[in-house]
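**Student:** The following file, entry_28.cif, comprises mmCIF, C-alpha atoms and all ligand atoms:
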```
data_protein
loop_
_atom_site.group_PDB
_atom_site.id
_atom_site.type_symbol
_atom_site.label_atom_id
_atom_site.label_comp_id
_atom_site.auth_asym_id
_atom_site.auth_seq_id
_atom_site.Cartn_x
_atom_site.Cartn_y
_atom_site.Cartn_z
ATOM 1 C CA MET D 23 0.392 42.647 -7.737
ATOM 2 C CA ILE D 24 2.650 41.593 -4.860
ATOM 3 C CA LYS D 25 -0.153 39.382 -3.600
ATOM 4 C CA ALA D 26 -0.495 37.683 -6.991
ATOM 5 C CA VAL D 27 3.257 37.021 -7.227
ATOM 6 C CA PHE D 28 3.366 35.720 -3.670
ATOM 7 C CA PHE D 29 0.527 33.255 -4.148
ATOM 8 C CA THR D 30 1.830 32.128 -7.542
ATOM 9 C CA VAL D 31 5.255 31.352 -6.072
ATOM 10 C CA LEU D 32 3.641 29.546 -3.146
ATOM 11 C CA THR D 33 1.434 27.435 -5.433
ATOM 12 C CA VAL D 34 4.280 26.558 -7.795
ATOM 13 C CA ALA D 35 6.525 25.613 -4.859
ATOM 14 C CA PHE D 36 3.761 23.470 -3.381
ATOM 15 C CA PHE D 37 3.205 21.463 -6.562
ATOM 16 C CA TYR D 38 6.955 21.234 -7.204
ATOM 17 C CA ILE D 39 7.393 19.597 -3.801
ATOM 18 C CA ILE D 40 4.490 17.184 -3.991
ATOM 19 C CA TRP D 41 4.873 16.207 -7.662
ATOM 20 C CA ILE D 42 8.448 16.703 -8.772
ATOM 21 C CA ASN D 43 10.908 16.711 -5.922
ATOM 22 C CA ASN D 44 9.511 15.849 -2.532
ATOM 23 C CA ILE D 45 12.180 16.988 -0.091
ATOM 24 C CA PHE D 46 10.305 15.340 2.781
ATOM 25 C CA ALA D 47 10.191 11.836 1.275
ATOM 26 C CA PRO D 48 12.924 9.308 2.085
ATOM 27 C CA HIS D 49 15.736 9.471 -0.419
ATOM 28 C CA GLU D 50 17.330 6.046 -0.494
ATOM 29 C CA HIS D 51 17.132 4.377 -3.863
ATOM 30 C CA TYR D 52 17.272 0.666 -4.377
ATOM 31 C CA GLU D 53 18.211 -0.982 -7.627
ATOM 32 C CA MET D 54 16.205 -3.810 -9.108
ATOM 33 C CA PRO D 55 16.934 -5.730 -12.344
ATOM 34 C CA ALA D 56 14.316 -4.856 -14.977
ATOM 35 C CA GLN D 57 13.202 -8.446 -15.550
ATOM 36 C CA TYR D 58 12.324 -8.860 -11.853
ATOM 37 C CA ALA D 59 10.732 -5.423 -11.626
ATOM 38 C CA LYS D 60 8.383 -6.560 -14.390
ATOM 39 C CA ILE D 61 7.381 -9.636 -12.387
ATOM 40 C CA ALA D 62 6.945 -7.680 -9.140
ATOM 41 C CA GLU D 63 4.565 -5.248 -10.857
ATOM 42 C CA ASP D 64 2.482 -7.937 -12.482
ATOM 43 C CA VAL D 65 -0.284 -9.035 -10.118
ATOM 44 C CA SER D 66 -0.988 -12.075 -12.295
ATOM 45 C CA TYR D 67 1.917 -13.613 -10.342
ATOM 46 C CA ALA D 68 0.086 -12.983 -7.088
ATOM 47 C CA LYS D 69 -1.266 -16.511 -6.775
ATOM 48 C CA GLU D 70 2.171 -18.064 -7.142
ATOM 49 C CA GLY D 71 3.566 -15.403 -4.841
ATOM 50 C CA LYS D 72 1.011 -16.250 -2.197
ATOM 51 C CA GLN D 73 2.075 -19.905 -2.240
ATOM 52 C CA LEU D 74 5.712 -18.856 -1.900
ATOM 53 C CA PHE D 75 4.716 -16.585 0.958
ATOM 54 C CA GLU D 76 2.959 -19.446 2.723
ATOM 55 C CA GLN D 77 6.028 -21.657 2.352
ATOM 56 C CA ASN D 78 8.689 -19.106 3.291
ATOM 57 C CA CYS D 79 7.253 -16.257 5.323
ATOM 58 C CA GLN D 80 4.074 -17.293 7.079
ATOM 59 C CA SER D 81 5.883 -18.835 10.051
ATOM 60 C CA CYS D 82 6.681 -15.245 11.082
ATOM 61 C CA HIS D 83 4.514 -12.788 9.110
ATOM 62 C CA SER D 84 0.803 -12.246 8.638
ATOM 63 C CA VAL D 85 -0.992 -10.508 5.748
ATOM 64 C CA ARG D 86 -4.145 -9.659 7.662
ATOM 65 C CA TYR D 87 -5.941 -7.894 4.784
ATOM 66 C CA ASP D 88 -5.819 -11.178 2.882
ATOM 67 C CA ALA D 89 -6.897 -13.211 5.938
ATOM 68 C CA VAL D 90 -3.433 -14.809 6.072
ATOM 69 C CA TYR D 91 -2.261 -15.215 9.656
ATOM 70 C CA ILE D 92 0.992 -16.571 11.069
ATOM 71 C CA SER D 93 1.224 -20.362 10.840
ATOM 72 C CA SER D 94 0.641 -21.099 14.521
ATOM 73 C CA VAL D 95 -2.542 -18.977 14.451
ATOM 74 C CA GLN D 96 -3.682 -20.532 11.186
ATOM 75 C CA ALA D 97 -3.439 -23.937 12.858
ATOM 76 C CA ASN D 98 -5.377 -22.809 15.936
ATOM 77 C CA PRO D 99 -9.050 -23.938 15.940
ATOM 78 C CA LYS D 100 -9.960 -20.698 17.735
ATOM 79 C CA LEU D 101 -9.322 -18.832 14.473
ATOM 80 C CA LYS D 102 -12.320 -20.375 12.729
ATOM 81 C CA THR D 103 -14.678 -19.506 15.575
ATOM 82 C CA LEU D 104 -13.446 -15.923 15.586
ATOM 83 C CA GLN D 105 -13.790 -15.664 11.810
ATOM 84 C CA GLU D 106 -17.404 -16.807 12.038
ATOM 85 C CA GLN D 107 -17.995 -14.026 14.515
ATOM 86 C CA TYR D 108 -16.003 -11.174 12.929
ATOM 87 C CA GLY D 109 -15.581 -12.143 9.267
ATOM 88 C CA LYS D 110 -12.477 -13.487 7.564
ATOM 89 C CA VAL D 111 -10.343 -10.416 8.206
ATOM 90 C CA LEU D 112 -10.225 -10.129 11.971
ATOM 91 C CA PRO D 113 -10.029 -6.659 13.533
ATOM 92 C CA LYS D 114 -6.431 -5.919 14.495
ATOM 93 C CA ASN D 115 -7.144 -5.591 18.206
ATOM 94 C CA VAL D 116 -9.020 -8.909 18.315
ATOM 95 C CA TYR D 117 -6.224 -10.675 16.439
ATOM 96 C CA GLU D 118 -3.506 -9.242 18.645
ATOM 97 C CA ALA D 119 -5.388 -9.849 21.901
ATOM 98 C CA VAL D 120 -6.462 -13.436 21.245
ATOM 99 C CA PHE D 121 -3.144 -14.543 19.761
ATOM 100 C CA TYR D 122 -0.958 -12.455 22.038
ATOM 101 C CA GLU D 123 1.109 -15.457 23.098
ATOM 102 C CA ASP D 124 1.918 -16.476 19.525
ATOM 103 C CA LEU D 125 3.116 -12.966 18.756
ATOM 104 C CA MET D 126 5.118 -12.689 21.990
ATOM 105 C CA GLY D 127 6.761 -16.047 21.211
ATOM 106 C CA LEU D 128 8.043 -14.544 17.961
ATOM 107 C CA LYS D 129 9.146 -11.431 19.799
ATOM 108 C CA GLU D 130 11.181 -13.542 22.199
ATOM 109 C CA SER D 131 12.943 -15.265 19.307
ATOM 110 C CA PHE D 132 13.559 -12.248 17.069
ATOM 111 C CA GLY D 133 13.607 -9.242 19.400
ATOM 112 C CA LYS D 134 10.454 -7.796 17.862
ATOM 113 C CA VAL D 135 7.187 -8.999 16.403
ATOM 114 C CA PRO D 136 7.678 -9.444 12.638
ATOM 115 C CA PRO D 137 5.386 -6.813 11.087
ATOM 116 C CA ASP D 138 2.137 -7.549 9.265
ATOM 117 C CA LEU D 139 2.814 -7.137 5.545
ATOM 118 C CA SER D 140 -0.662 -6.069 4.304
ATOM 119 C CA THR D 141 0.333 -2.509 3.369
ATOM 120 C CA MET D 142 4.114 -2.927 3.228
ATOM 121 C CA TYR D 143 4.102 -2.535 -0.570
ATOM 122 C CA LEU D 144 2.512 0.906 -0.325
ATOM 123 C CA VAL D 145 4.861 2.004 2.443
ATOM 124 C CA LYS D 146 8.175 0.699 1.100
ATOM 125 C CA GLY D 147 7.742 0.159 -2.641
ATOM 126 C CA LYS D 148 8.830 -2.766 -4.763
ATOM 127 C CA GLU D 149 12.559 -1.961 -5.022
ATOM 128 C CA TYR D 150 13.021 -1.832 -1.269
ATOM 129 C CA LEU D 151 10.976 -4.988 -0.679
ATOM 130 C CA TYR D 152 12.795 -6.952 -3.372
ATOM 131 C CA ASN D 153 16.219 -6.025 -1.985
ATOM 132 C CA PHE D 154 15.252 -6.444 1.644
ATOM 133 C CA ILE D 155 13.616 -9.859 1.206
ATOM 134 C CA LEU D 156 16.515 -11.119 -0.928
ATOM 135 C CA GLU D 157 19.271 -9.792 1.353
ATOM 136 C CA PRO D 158 17.891 -8.443 4.642
ATOM 137 C CA GLN D 159 21.335 -7.875 6.181
ATOM 138 C CA LYS D 160 22.501 -5.739 3.291
ATOM 139 C CA VAL D 161 19.506 -3.387 3.508
ATOM 140 C CA LEU D 162 19.005 -3.368 7.285
ATOM 141 C CA PRO D 163 22.299 -4.397 8.944
ATOM 142 C CA GLY D 164 21.732 -6.229 12.216
ATOM 143 C CA THR D 165 18.131 -7.195 11.442
ATOM 144 C CA SER D 166 16.868 -10.494 12.855
ATOM 145 C CA MET D 167 14.927 -11.291 9.700
ATOM 146 C CA PRO D 168 16.606 -14.346 8.143
ATOM 147 C CA ALA D 169 17.615 -14.428 4.455
ATOM 148 C CA VAL D 170 15.066 -17.089 3.562
ATOM 149 C CA MET D 171 14.999 -16.153 -0.122
ATOM 150 C CA ALA D 172 18.767 -15.848 -0.666
ATOM 151 C CA GLY D 173 19.670 -16.669 -4.277
ATOM 152 C CA ARG D 174 16.017 -16.823 -5.442
ATOM 153 C CA PRO D 175 15.393 -13.443 -7.091
ATOM 154 C CA GLU D 176 12.549 -14.547 -9.346
ATOM 155 C CA GLU D 177 10.548 -16.086 -6.514
ATOM 156 C CA THR D 178 11.242 -13.004 -4.395
ATOM 157 C CA ALA D 179 9.772 -10.826 -7.153
ATOM 158 C CA LYS D 180 6.657 -13.032 -7.194
ATOM 159 C CA ILE D 181 6.216 -12.547 -3.444
ATOM 160 C CA VAL D 182 6.433 -8.789 -4.013
ATOM 161 C CA ALA D 183 3.728 -9.150 -6.695
ATOM 162 C CA TYR D 184 1.560 -10.886 -4.105
ATOM 163 C CA LEU D 185 2.127 -8.103 -1.569
ATOM 164 C CA LYS D 186 1.247 -5.591 -4.279
ATOM 165 C CA SER D 187 -1.999 -7.396 -5.056
ATOM 166 C CA VAL D 188 -3.022 -7.181 -1.385
ATOM 167 C CA ALA D 189 -1.991 -3.559 -0.857
ATOM 168 C CA GLU D 190 -3.449 -2.148 -4.062
ATOM 169 C CA PRO D 191 -7.026 -2.255 -5.275
ATOM 170 C CA SER D 192 -7.760 -4.710 -8.094
ATOM 171 C CA PRO D 193 -7.552 -3.454 -11.732
ATOM 172 C CA GLU D 194 -11.385 -3.356 -11.973
ATOM 173 C CA GLU D 195 -11.571 -1.312 -8.774
ATOM 174 C CA LYS D 196 -8.860 1.034 -10.095
ATOM 175 C CA ASN D 197 -10.778 1.550 -13.361
ATOM 176 C CA LYS D 198 -13.921 2.275 -11.390
ATOM 177 C CA ARG D 199 -12.089 4.910 -9.365
ATOM 178 C CA VAL D 200 -10.662 6.578 -12.481
ATOM 179 C CA LEU D 201 -14.171 6.655 -13.960
ATOM 180 C CA MET D 202 -15.561 8.171 -10.766
ATOM 181 C CA GLY D 203 -12.795 10.783 -10.739
ATOM 182 C CA VAL D 204 -13.414 11.797 -14.338
ATOM 183 C CA GLY D 205 -17.178 11.770 -13.724
ATOM 184 C CA THR D 206 -16.875 14.025 -10.695
ATOM 185 C CA ILE D 207 -14.697 16.578 -12.487
ATOM 186 C CA ALA D 208 -16.962 16.543 -15.553
ATOM 187 C CA TYR D 209 -19.976 17.135 -13.270
ATOM 188 C CA LEU D 210 -18.255 20.092 -11.605
ATOM 189 C CA ILE D 211 -17.361 21.631 -14.991
ATOM 190 C CA VAL D 212 -20.923 21.227 -16.357
ATOM 191 C CA MET D 213 -22.455 22.634 -13.174
ATOM 192 C CA GLY D 214 -19.975 25.527 -13.280
ATOM 193 C CA ILE D 215 -21.000 26.393 -16.819
ATOM 194 C CA LEU D 216 -24.727 26.153 -15.964
ATOM 195 C CA LEU D 217 -24.229 28.401 -12.935
ATOM 196 C CA TRP D 218 -22.411 30.951 -15.065
ATOM 197 C CA VAL D 219 -25.232 30.993 -17.623
ATOM 198 C CA TRP D 220 -27.849 31.249 -14.899
ATOM 199 C CA ARG D 221 -25.964 34.078 -13.193
ATOM 200 C CA ALA D 222 -25.843 36.058 -16.448
ATOM 201 C CA ARG D 223 -29.604 35.590 -16.887
ATOM 202 C CA VAL D 224 -30.397 36.716 -13.354
ATOM 203 C CA LEU D 225 -28.187 39.783 -13.738
ATOM 204 C CA LYS D 226 -29.957 40.614 -17.013
ATOM 205 C CA ARG D 227 -33.383 40.274 -15.430
ATOM 206 C CA MET D 228 -32.282 42.628 -12.656
ATOM 207 C CA GLY D 229 -31.200 45.086 -15.300
ATOM 208 C CA LEU D 230 -27.576 44.971 -14.226
ATOM 209 C CA HIS D 231 -26.132 43.516 -17.378
HETATM 210 C C1 LIG G 301 11.963 -16.508 11.040
HETATM 211 C C2 LIG G 301 11.102 -15.372 10.995
HETATM 212 C C3 LIG G 301 10.932 -14.628 9.688
HETATM 213 C C4 LIG G 301 10.688 -15.160 8.444
HETATM 214 C C5 LIG G 301 10.567 -16.606 8.042
HETATM 215 C C6 LIG G 301 10.515 -14.026 7.571
HETATM 216 N N1 LIG G 301 10.673 -12.852 8.252
HETATM 217 FE FE1 LIG G 301 10.437 -10.974 7.520
HETATM 218 N N2 LIG G 301 10.896 -10.173 9.317
HETATM 219 C C7 LIG G 301 11.196 -10.913 10.454
HETATM 220 C C8 LIG G 301 11.516 -9.995 11.514
HETATM 221 C C9 LIG G 301 11.899 -10.394 12.929
HETATM 222 C C10 LIG G 301 11.398 -8.698 10.990
HETATM 223 C C11 LIG G 301 11.670 -7.360 11.703
HETATM 224 C C12 LIG G 301 13.063 -6.982 11.312
HETATM 225 C C13 LIG G 301 13.568 -5.692 11.867
HETATM 226 O O1 LIG G 301 12.808 -4.729 11.990
HETATM 227 O O2 LIG G 301 14.771 -5.648 12.148
HETATM 228 C C14 LIG G 301 11.015 -8.844 9.616
HETATM 229 C C15 LIG G 301 10.783 -7.797 8.763
HETATM 230 C C16 LIG G 301 10.285 -7.901 7.488
HETATM 231 C C17 LIG G 301 9.908 -6.809 6.643
HETATM 232 C C18 LIG G 301 9.928 -5.338 7.018
HETATM 233 C C19 LIG G 301 11.224 -4.689 6.683
HETATM 234 C C20 LIG G 301 11.301 -3.267 7.142
HETATM 235 O O3 LIG G 301 12.006 -2.486 6.510
HETATM 236 O O4 LIG G 301 10.641 -2.898 8.128
HETATM 237 C C21 LIG G 301 9.495 -7.341 5.471
HETATM 238 C C22 LIG G 301 8.981 -6.593 4.249
HETATM 239 C C23 LIG G 301 9.613 -8.784 5.575
HETATM 240 N N3 LIG G 301 10.109 -9.090 6.814
HETATM 241 C C24 LIG G 301 9.259 -9.665 4.581
HETATM 242 C C25 LIG G 301 9.410 -11.053 4.675
HETATM 243 C C26 LIG G 301 9.095 -11.973 3.606
HETATM 244 C C27 LIG G 301 8.491 -11.584 2.267
HETATM 245 C C28 LIG G 301 9.397 -13.206 4.058
HETATM 246 C C29 LIG G 301 9.324 -14.511 3.297
HETATM 247 C C30 LIG G 301 10.108 -14.593 2.089
HETATM 248 C C31 LIG G 301 9.882 -13.083 5.425
HETATM 249 N N4 LIG G 301 9.885 -11.760 5.744
HETATM 250 C C32 LIG G 301 10.245 -14.142 6.219
HETATM 251 C C33 LIG G 301 11.164 -12.284 10.574
HETATM 252 C C34 LIG G 301 10.937 -13.173 9.559
#
```
Could I get this structure in the form of structure tokens?

**Tutor:**
Amino acid sequence: MIKAVFFTVLTVAFFYIIWINNIFAPHEHYEMPAQYAKIAEDVSYAKEGKQLFEQNCQSCHSVRYDAVYISSVQANPKLKTLQEQYGKVLPKNVYEAVFYEDLMGLKESFGKVPPDLSTMYLVKGKEYLYNFILEPQKVLPGTSMPAVMAGRPEETAKIVAYLKSVAEPSPEEKNKRVLMGVGTIAYLIVMGILLWVWRARVLKRMGLH
């Protein structure tokens, strides 16, 4: 009885923490006007967002998972040769080793290498990204990231939509995963039932049932 209570409490606490109130997750909340949140979630803006990214961000940031490298690298003929050898998305270590000087040049100017933004959407979420890109100083006082999108909330939201499209699997891929998940659970349930029936039969044959 004590055992049952103990494990029930432990299980409930576990799911409460991971599903309802994760005390280990960061707690800052960032506001975002609903009309821009809608744009940032909609990956059909990704193409426009990518163009805006190329115009406003690519001088400093890469999106390696989308084979988008910082401008000076993109202009380097070495890139094409490497891509023929390794594929469009270069391994991180190859990218960082071959273009070390480009990255260190940025570090000299800004105090640190501007991060690659491939998975930033998953790590930080749309509200943080929208606020940070629009007003970097307000979110991260003292940061060397310039406010390149100041006063352009709609375009900022489109850039976030682009980052979302890179970080998240495509809608078709997502559907496929849901289908696989449902299929796997259904398989386990059916096999469970068959095992139960089989077990009952074996027990009967052994005269134990
Ligand atoms: C002139 C260089 C430069 C440009 C242009 C630039 N950034 Fe940055 N960005 C930086 C630097 C430097 C950092 C690191 C800031 C820090 O950690 O203090 C940074 C950090 C970031 C971060 C990470 C914030 C965090 O919390 O770690 C995001 C996201 C980002 N930039 C997005 C963008 C987007 C989107 C654009 C284009 C609209 C852009 N940046 C344009 C230099 C730049």

**Student:** To one decimal in Å, tell me the separation between CA of Leu162 in chain D and atom C31 of ligand LIG 301 (chain G).

**Tutor:**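 So the answer is 13.5 Å.
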
**Student:** Step by step, measure atom-to-atom distances between ligand LIG 301 (chain G) and each residue using all atoms listed in the file, keep those at most 8 Å, then write them as an MDAnalysis selection string.

**Tutor:** chainID D and resid 74:75 77:83 128:129 132:137 139 142:143 146 150:151 154:156 158 162 164:171 178 181:182

**Student:** Just need the box for range 194-201 of chain D, edges along x, y and z, holding every atom the file lists for it with 6 Å tacked onto each side, so centre and edge lengths in Å to one decimal, as AutoDock Vina command-line options.

**Tutor:**
```
--center_x -11.5 --center_y 1.6 --center_z -11.4 --size_x 17.3 --size_y 22.0 --size_z 17.2
```

**Student:** Could you jot down the CA of Leu112 in chain D to CA of Arg86 in chain D separation for me, Å, one decimal place?

**Tutor:**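 These two atoms are separated by 7.5 Å.
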
**Student:** Between CA of Tyr87 in chain D and CA of Glu194 in chain D, measure the distance and give it in Å to one decimal.

**Tutor:** 18.2 Å

**Student:** So that I can check the surroundings of Lys72 in chain D, please list as number ranges by chain every protein, DNA and RNA residue that reaches within 12 Å of it, counting only C-alpha atoms and ignoring chain neighbours fewer than 3 positions away.

**Tutor:** D: 65-69, 75-80, 84-85, 88-90, 177-188

**Student:** Give me the residues within 7 Å of Glu53 in chain D as a list of chain:residue names, counting only C-alpha atoms and dropping any in the same chain fewer than 2 places off.

**Tutor:** D:His51, D:Pro55, D:Glu149

**Student:** Report the residues retrieved by the PyMOL selection byres (((chain D and resi 98-103) around 12) and not hetatm) from the displayed file, expressed as a list in words.

**Tutor:**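 So the PyMOL selection byres (((chain D and resi 98-103) around 12) and not hetatm) ends up selecting Ala89, Val90, Tyr91, Ile92, Ser93, Ser94, Val95, Gln96, Ala97, Leu104, Gln105, Glu106, Gln107, Tyr108, Gly109, Lys110, Val111, Leu112, Val116, Tyr117, Glu118, Val120, Phe121 and Asp124 of chain D.
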
**Student:** With distances taken over only C-alpha atoms, which of D:Ala59, D:Ala189, D:Val145, D:Ile24 is nearest to Glu176 in chain D?

**Tutor:** D:Ala59

**Student:** Restricting the calculation to all atoms listed in the file: of D:Gly173, D:Leu144, D:Asp138, D:Lys198, which residue gets closest to Glu157 in chain D?

**Tutor:**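 The answer is D:Gly173, which sits nearest to Glu157 in chain D.
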
**Student:** Could you check which of D:Glu130, D:Tyr38, D:Lys148, D:Val31 is closest to Glu63 in chain D, using only C-alpha atoms?

**Tutor:**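 Of the candidates, the smallest distance to Glu63 in chain D is held by D:Lys148.
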